[in-house]
Amino acid sequence: MFTLDAPVVTDRLLLRAFRPGDLDDLHAVQSHPDVVRYLYHGVRTREEVRAKLGERTGMTRLADDHDTLLLAIEPAGSGRVVGDVMLHLASAAHRQGEIGYVLHPDAQGRGYAREAAAAVLDLAFGPVGLHRVFGRADGRNSRSIALLRRLGLRQEARLVENEFVKGEWTDEVVLAILAREWTARRS
Ligand SMILES: CC(C)(COP(=O)(O)OP(=O)(O)OC[C@H]1O[C@@H](n2cnc3c(N)ncnc32)[C@H](O)[C@@H]1OP(=O)(O)O)[C@@H](O)C(=O)NCCC(=O)NCCS
């Protein structure tokens with residue numbers, strides 16, 4: 001089992017558990033049409049975000065299948081949450097995890113998502129002890145797919161029109177990296 005005991009500090013970011021006071025910042029992210037374009041959900045109202053935030057504050061533990069570690073991304077010294085990065089435990093028995101991330105458009109194009117995701121892969125293949133981490137993206141979500149490739153994930157599949165999202169059939173691209181591949185990249 002893994003529990004987040006303290007924030008993760010990277011060169012430029014603080015990755016920490018969500019808090020009730022993050023409502024305004026999270027609402028700014030989740031109510032932005034560009035952010036949710038390739039996500040399953042649409043833009044969220046303040047009340048919807050408040051309800052989601054209540055769930056998010058407790059997502060600091062990975063023990064059982066479908067537990068999720070969800071970290072707020074805060075540029076150091078800014079006091080502002082600009083997005084989040086998550087690690088979902090897809091299978092404890094098979095030590096498989098899924099990575100995901102979201103950034104407010106103001107915070108994109110600076111390498112923040114890559115920095116946050118790399119720190120989460122360090123956790124995934126370090127203290128969490130996973131064997132494989134995968135990412136899934138809408139086939140049109142070129143920024144997300146490019147990020148996964150930059151992190152060293154290999155494309156394993158393109159599932160053609162496997163989901164019906166927001167009124168249309170969409171492709172899903174699956175990329176993944178193994179613990180030994182991540183270790184080799186980091187050494
Ligand atoms: C997916 C997403 C997180 C990618 O964000 P991003 O900012 O493009 O990703 P990175 O953190 O890797 O940043 C890369 C960019 O920062 C630039 N950059 C600037 N300074 C940098 C630095 N110090 N280090 C690294 N990159 C830097 C890179 O050149 C690159 O720019 P480019 O895209 O113009 O080539 C973002 O598009 C997003 O939040 N989308 C909406 C939500 C979403 O779809 N999530 C994924 C669901 S599958």
# chains A, B, ... in the order shown; residues from 1 in each chain; ligands from 1
>>> residues_around(residues="Gly129 in chain A", least_positions_apart="4", cutoff="12 Å", atoms="only C-alpha atoms", output="ChimeraX atom specification")
/A:1-2,62-63,89,91-97,120-125,133,178-180
>>> closest_atom_pairs(of="chain A", to="ligand 1", cutoff="7 Å", atoms="only C-alpha atoms and all ligand atoms", output="CSV")
residue,atom,partner,partner_atom_place_in_ligand_line,distance
A:Asp34,CA,ligand 1,41 (C),6.5
A:Val35,CA,ligand 1,41 (C),4.0
A:Val36,CA,ligand 1,42 (C),6.0
A:Arg37,CA,ligand 1,44 (O),6.8
A:Tyr38,CA,ligand 1,44 (O),5.3
A:Leu39,CA,ligand 1,47 (C),6.0
A:Gly100,CA,ligand 1,48 (S),6.1
A:Tyr101,CA,ligand 1,45 (N),5.2
A:Val102,CA,ligand 1,39 (O),3.7
A:Leu103,CA,ligand 1,39 (O),3.6
A:His104,CA,ligand 1,39 (O),6.0
A:Pro105,CA,ligand 1,39 (O),6.8
A:Ala107,CA,ligand 1,7 (O),6.7
A:Gln108,CA,ligand 1,7 (O),3.3
A:Gly109,CA,ligand 1,16 (O),3.3
A:Arg110,CA,ligand 1,19 (C),3.4
A:Gly111,CA,ligand 1,11 (O),3.1
A:Tyr112,CA,ligand 1,11 (O),4.1
A:Ala113,CA,ligand 1,11 (O),3.4
A:Arg114,CA,ligand 1,11 (O),4.1
A:Glu115,CA,ligand 1,11 (O),6.5
A:Arg136,CA,ligand 1,48 (S),5.7
A:Ala137,CA,ligand 1,48 (S),4.0
A:Asp138,CA,ligand 1,48 (S),6.4
A:Asn141,CA,ligand 1,44 (O),6.3
A:Arg143,CA,ligand 1,37 (O),5.0
A:Ser144,CA,ligand 1,1 (C),3.8
A:Leu147,CA,ligand 1,12 (O),4.8
>>> atom_distance(atom1="CA of Asp65 in chain A", atom2="CA of Leu13 in chain A")
28.2 Å
>>> residues_around(residues="Leu71 in chain A", least_positions_apart="3", cutoff="6 Å", atoms="only C-alpha atoms", output="count of residues only")
5
>>> closest_residue(among="A:Tyr40, A:Ala176, A:Ala146, A:Leu151", to="Glu163 in chain A", atoms="only C-alpha atoms")
A:Tyr40
>>> residues_around(residues="Gly139 in chain A", least_positions_apart="6", cutoff="12 Å", atoms="only C-alpha atoms", output="PDB file with all heavy atoms, in the first residue's frame")
ATOM      1  N   TYR A  38     -11.232  16.883 -24.768  1.00  0.00           N
ATOM      2  CA  TYR A  38     -11.030  15.445 -25.000  1.00  0.00           C
ATOM      3  C   TYR A  38     -11.211  14.613 -23.735  1.00  0.00           C
ATOM      4  O   TYR A  38     -10.748  13.489 -23.659  1.00  0.00           O
ATOM      5  CB  TYR A  38      -9.635  15.205 -25.588  1.00  0.00           C
ATOM      6  CG  TYR A  38      -9.443  15.871 -26.925  1.00  0.00           C
ATOM      7  CD1 TYR A  38      -8.439  16.803 -27.117  1.00  0.00           C
ATOM      8  CD2 TYR A  38     -10.282  15.562 -27.997  1.00  0.00           C
ATOM      9  CE1 TYR A  38      -8.260  17.424 -28.344  1.00  0.00           C
ATOM     10  CE2 TYR A  38     -10.121  16.175 -29.226  1.00  0.00           C
ATOM     11  CZ  TYR A  38      -9.115  17.107 -29.389  1.00  0.00           C
ATOM     12  OH  TYR A  38      -8.961  17.707 -30.609  1.00  0.00           O
ATOM     13  N   LEU A  39     -11.853  15.196 -22.723  1.00  0.00           N
ATOM     14  CA  LEU A  39     -12.140  14.439 -21.495  1.00  0.00           C
ATOM     15  C   LEU A  39     -13.559  13.885 -21.575  1.00  0.00           C
ATOM     16  O   LEU A  39     -14.360  14.307 -22.401  1.00  0.00           O
ATOM     17  CB  LEU A  39     -11.983  15.349 -20.269  1.00  0.00           C
ATOM     18  CG  LEU A  39     -10.613  16.047 -20.114  1.00  0.00           C
ATOM     19  CD1 LEU A  39     -10.555  16.833 -18.809  1.00  0.00           C
ATOM     20  CD2 LEU A  39      -9.459  15.051 -20.200  1.00  0.00           C
ATOM     21  N   ILE A 145      -0.799  12.928 -26.348  1.00  0.00           N
ATOM     22  CA  ILE A 145      -0.033  11.819 -26.929  1.00  0.00           C
ATOM     23  C   ILE A 145       1.442  12.210 -27.037  1.00  0.00           C
ATOM     24  O   ILE A 145       2.338  11.417 -26.717  1.00  0.00           O
ATOM     25  CB  ILE A 145      -0.635  11.418 -28.299  1.00  0.00           C
ATOM     26  CG1 ILE A 145      -2.047  10.845 -28.095  1.00  0.00           C
ATOM     27  CG2 ILE A 145       0.267  10.414 -29.021  1.00  0.00           C
ATOM     28  CD1 ILE A 145      -2.868  10.711 -29.359  1.00  0.00           C
ATOM     29  N   ALA A 146       1.716  13.460 -27.434  1.00  0.00           N
ATOM     30  CA  ALA A 146       3.103  13.931 -27.535  1.00  0.00           C
ATOM     31  C   ALA A 146       3.781  13.899 -26.167  1.00  0.00           C
ATOM     32  O   ALA A 146       4.957  13.518 -26.044  1.00  0.00           O
ATOM     33  CB  ALA A 146       3.136  15.349 -28.111  1.00  0.00           C
ATOM     34  N   GLN A 155       3.636   3.482 -28.014  1.00  0.00           N
ATOM     35  CA  GLN A 155       2.237   3.242 -28.409  1.00  0.00           C
ATOM     36  C   GLN A 155       2.005   1.744 -28.536  1.00  0.00           C
ATOM     37  O   GLN A 155       2.755   1.054 -29.229  1.00  0.00           O
ATOM     38  CB  GLN A 155       1.892   3.958 -29.713  1.00  0.00           C
ATOM     39  CG  GLN A 155       0.414   3.768 -30.055  1.00  0.00           C
ATOM     40  CD  GLN A 155      -0.077   4.674 -31.177  1.00  0.00           C
ATOM     41  OE1 GLN A 155       0.370   5.804 -31.309  1.00  0.00           O
ATOM     42  NE2 GLN A 155      -1.013   4.171 -31.960  1.00  0.00           N
ATOM     43  N   ALA A 157      -1.448   0.558 -28.855  1.00  0.00           N
ATOM     44  CA  ALA A 157      -2.694   0.303 -29.591  1.00  0.00           C
ATOM     45  C   ALA A 157      -3.356   1.599 -30.011  1.00  0.00           C
ATOM     46  O   ALA A 157      -3.150   2.652 -29.385  1.00  0.00           O
ATOM     47  CB  ALA A 157      -3.662  -0.479 -28.700  1.00  0.00           C
ATOM     48  N   ARG A 158      -4.090   1.497 -31.079  1.00  0.00           N
ATOM     49  CA  ARG A 158      -5.050   2.545 -31.433  1.00  0.00           C
ATOM     50  C   ARG A 158      -6.374   1.830 -31.631  1.00  0.00           C
ATOM     51  O   ARG A 158      -6.539   1.061 -32.585  1.00  0.00           O
ATOM     52  CB  ARG A 158      -4.641   3.290 -32.699  1.00  0.00           C
ATOM     53  CG  ARG A 158      -5.599   4.430 -33.004  1.00  0.00           C
ATOM     54  CD  ARG A 158      -5.268   5.165 -34.285  1.00  0.00           C
ATOM     55  NE  ARG A 158      -6.128   6.325 -34.389  1.00  0.00           N
ATOM     56  CZ  ARG A 158      -5.766   7.578 -34.096  1.00  0.00           C
ATOM     57  NH1 ARG A 158      -4.528   7.838 -33.740  1.00  0.00           N
ATOM     58  NH2 ARG A 158      -6.620   8.568 -34.187  1.00  0.00           N
ATOM     59  N   LEU A 159      -7.271   2.027 -30.693  1.00  0.00           N
ATOM     60  CA  LEU A 159      -8.567   1.360 -30.736  1.00  0.00           C
ATOM     61  C   LEU A 159      -9.501   2.248 -31.558  1.00  0.00           C
ATOM     62  O   LEU A 159      -9.714   3.409 -31.217  1.00  0.00           O
ATOM     63  CB  LEU A 159      -9.092   1.161 -29.314  1.00  0.00           C
ATOM     64  CG  LEU A 159      -8.092   0.472 -28.364  1.00  0.00           C
ATOM     65  CD1 LEU A 159      -8.633   0.441 -26.939  1.00  0.00           C
ATOM     66  CD2 LEU A 159      -7.756  -0.927 -28.842  1.00  0.00           C
ATOM     67  N   VAL A 160      -9.994   1.704 -32.636  1.00  0.00           N
ATOM     68  CA  VAL A 160     -10.722   2.521 -33.603  1.00  0.00           C
ATOM     69  C   VAL A 160     -12.208   2.599 -33.243  1.00  0.00           C
ATOM     70  O   VAL A 160     -12.893   1.583 -33.152  1.00  0.00           O
ATOM     71  CB  VAL A 160     -10.528   1.956 -35.029  1.00  0.00           C
ATOM     72  CG1 VAL A 160     -11.317   2.788 -36.041  1.00  0.00           C
ATOM     73  CG2 VAL A 160      -9.042   1.948 -35.388  1.00  0.00           C
ATOM     74  N   GLU A 161     -12.650   3.851 -32.997  1.00  0.00           N
ATOM     75  CA  GLU A 161     -14.054   4.119 -32.652  1.00  0.00           C
ATOM     76  C   GLU A 161     -14.569   3.163 -31.577  1.00  0.00           C
ATOM     77  O   GLU A 161     -15.646   2.583 -31.705  1.00  0.00           O
ATOM     78  CB  GLU A 161     -14.921   4.090 -33.916  1.00  0.00           C
ATOM     79  CG  GLU A 161     -14.510   5.176 -34.905  1.00  0.00           C
ATOM     80  CD  GLU A 161     -15.480   5.372 -36.059  1.00  0.00           C
ATOM     81  OE1 GLU A 161     -16.593   4.823 -36.015  1.00  0.00           O
ATOM     82  OE2 GLU A 161     -15.110   6.093 -37.001  1.00  0.00           O
ATOM     83  N   ASN A 162     -13.789   3.035 -30.489  1.00  0.00           N
ATOM     84  CA  ASN A 162     -14.179   2.120 -29.406  1.00  0.00           C
ATOM     85  C   ASN A 162     -15.029   2.800 -28.349  1.00  0.00           C
ATOM     86  O   ASN A 162     -15.524   2.148 -27.440  1.00  0.00           O
ATOM     87  CB  ASN A 162     -12.937   1.518 -28.731  1.00  0.00           C
ATOM     88  CG  ASN A 162     -12.160   2.560 -27.952  1.00  0.00           C
ATOM     89  OD1 ASN A 162     -12.009   3.682 -28.425  1.00  0.00           O
ATOM     90  ND2 ASN A 162     -11.683   2.217 -26.783  1.00  0.00           N
ATOM     91  N   GLU A 163     -15.148   4.158 -28.450  1.00  0.00           N
ATOM     92  CA  GLU A 163     -15.957   4.858 -27.459  1.00  0.00           C
ATOM     93  C   GLU A 163     -16.837   5.899 -28.146  1.00  0.00           C
ATOM     94  O   GLU A 163     -16.467   6.445 -29.197  1.00  0.00           O
ATOM     95  CB  GLU A 163     -15.057   5.554 -26.426  1.00  0.00           C
ATOM     96  CG  GLU A 163     -14.343   4.560 -25.527  1.00  0.00           C
ATOM     97  CD  GLU A 163     -13.518   5.230 -24.431  1.00  0.00           C
ATOM     98  OE1 GLU A 163     -12.923   6.273 -24.684  1.00  0.00           O
ATOM     99  OE2 GLU A 163     -13.485   4.695 -23.325  1.00  0.00           O
ATOM    100  N   TRP A 169     -18.211   9.032 -32.251  1.00  0.00           N
ATOM    101  CA  TRP A 169     -17.299   7.907 -32.073  1.00  0.00           C
ATOM    102  C   TRP A 169     -15.870   8.437 -32.043  1.00  0.00           C
ATOM    103  O   TRP A 169     -15.495   9.264 -32.869  1.00  0.00           O
ATOM    104  CB  TRP A 169     -17.468   6.888 -33.206  1.00  0.00           C
ATOM    105  CG  TRP A 169     -18.752   6.148 -33.102  1.00  0.00           C
ATOM    106  CD1 TRP A 169     -19.861   6.299 -33.880  1.00  0.00           C
ATOM    107  CD2 TRP A 169     -19.072   5.156 -32.127  1.00  0.00           C
ATOM    108  NE1 TRP A 169     -20.849   5.472 -33.452  1.00  0.00           N
ATOM    109  CE2 TRP A 169     -20.398   4.751 -32.378  1.00  0.00           C
ATOM    110  CE3 TRP A 169     -18.379   4.570 -31.073  1.00  0.00           C
ATOM    111  CZ2 TRP A 169     -21.036   3.786 -31.612  1.00  0.00           C
ATOM    112  CZ3 TRP A 169     -19.018   3.594 -30.317  1.00  0.00           C
ATOM    113  CH2 TRP A 169     -20.333   3.218 -30.587  1.00  0.00           C
ATOM    114  N   THR A 170     -15.116   7.938 -31.075  1.00  0.00           N
ATOM    115  CA  THR A 170     -13.735   8.405 -30.941  1.00  0.00           C
ATOM    116  C   THR A 170     -12.771   7.220 -30.890  1.00  0.00           C
ATOM    117  O   THR A 170     -13.116   6.142 -30.404  1.00  0.00           O
ATOM    118  CB  THR A 170     -13.538   9.221 -29.648  1.00  0.00           C
ATOM    119  OG1 THR A 170     -13.864   8.390 -28.534  1.00  0.00           O
ATOM    120  CG2 THR A 170     -14.425  10.450 -29.619  1.00  0.00           C
ATOM    121  N   ASP A 171     -11.551   7.462 -31.391  1.00  0.00           N
ATOM    122  CA  ASP A 171     -10.476   6.468 -31.270  1.00  0.00           C
ATOM    123  C   ASP A 171      -9.782   6.678 -29.925  1.00  0.00           C
ATOM    124  O   ASP A 171      -9.742   7.811 -29.411  1.00  0.00           O
ATOM    125  CB  ASP A 171      -9.414   6.670 -32.359  1.00  0.00           C
ATOM    126  CG  ASP A 171      -9.921   6.335 -33.755  1.00  0.00           C
ATOM    127  OD1 ASP A 171     -11.100   5.943 -33.888  1.00  0.00           O
ATOM    128  OD2 ASP A 171      -9.124   6.468 -34.705  1.00  0.00           O
ATOM    129  N   GLU A 172      -9.208   5.618 -29.403  1.00  0.00           N
ATOM    130  CA  GLU A 172      -8.421   5.731 -28.164  1.00  0.00           C
ATOM    131  C   GLU A 172      -7.018   5.192 -28.434  1.00  0.00           C
ATOM    132  O   GLU A 172      -6.862   4.084 -28.950  1.00  0.00           O
ATOM    133  CB  GLU A 172      -9.092   4.914 -27.061  1.00  0.00           C
ATOM    134  CG  GLU A 172      -8.376   4.979 -25.732  1.00  0.00           C
ATOM    135  CD  GLU A 172      -9.151   4.215 -24.665  1.00  0.00           C
ATOM    136  OE1 GLU A 172     -10.005   4.817 -24.011  1.00  0.00           O
ATOM    137  OE2 GLU A 172      -8.906   3.007 -24.519  1.00  0.00           O
ATOM    138  N   VAL A 173      -6.018   6.005 -28.083  1.00  0.00           N
ATOM    139  CA  VAL A 173      -4.631   5.577 -28.249  1.00  0.00           C
ATOM    140  C   VAL A 173      -4.113   5.162 -26.869  1.00  0.00           C
ATOM    141  O   VAL A 173      -4.331   5.860 -25.876  1.00  0.00           O
ATOM    142  CB  VAL A 173      -3.791   6.730 -28.841  1.00  0.00           C
ATOM    143  CG1 VAL A 173      -2.321   6.355 -28.907  1.00  0.00           C
ATOM    144  CG2 VAL A 173      -4.307   7.077 -30.239  1.00  0.00           C
ATOM    145  N   VAL A 174      -3.450   4.007 -26.830  1.00  0.00           N
ATOM    146  CA  VAL A 174      -2.901   3.487 -25.570  1.00  0.00           C
ATOM    147  C   VAL A 174      -1.384   3.431 -25.682  1.00  0.00           C
ATOM    148  O   VAL A 174      -0.840   2.857 -26.642  1.00  0.00           O
ATOM    149  CB  VAL A 174      -3.439   2.067 -25.263  1.00  0.00           C
ATOM    150  CG1 VAL A 174      -2.887   1.560 -23.926  1.00  0.00           C
ATOM    151  CG2 VAL A 174      -4.964   2.059 -25.255  1.00  0.00           C
ATOM    152  N   LEU A 175      -0.705   4.069 -24.724  1.00  0.00           N
ATOM    153  CA  LEU A 175       0.762   4.032 -24.676  1.00  0.00           C
ATOM    154  C   LEU A 175       1.164   3.509 -23.305  1.00  0.00           C
ATOM    155  O   LEU A 175       0.416   3.671 -22.328  1.00  0.00           O
ATOM    156  CB  LEU A 175       1.364   5.423 -24.891  1.00  0.00           C
ATOM    157  CG  LEU A 175       1.067   6.099 -26.232  1.00  0.00           C
ATOM    158  CD1 LEU A 175      -0.133   7.006 -26.127  1.00  0.00           C
ATOM    159  CD2 LEU A 175       2.279   6.891 -26.718  1.00  0.00           C
TER     160      LEU A 175
END
>>> closest_residue(among="A:Val82, A:Arg12, A:Asp67, A:Thr3", to="His27 in chain A", atoms="only C-alpha atoms")
A:Val82
>>> atom_distance(atom1="CA of Leu70 in chain A", atom2="CA of Leu87 in chain A")
6.6 Å
>>> closest_residue(among="A:Val9, A:Val81, A:Ala184, A:Leu148", to="Asp106 in chain A", atoms="only C-alpha atoms")
A:Val81
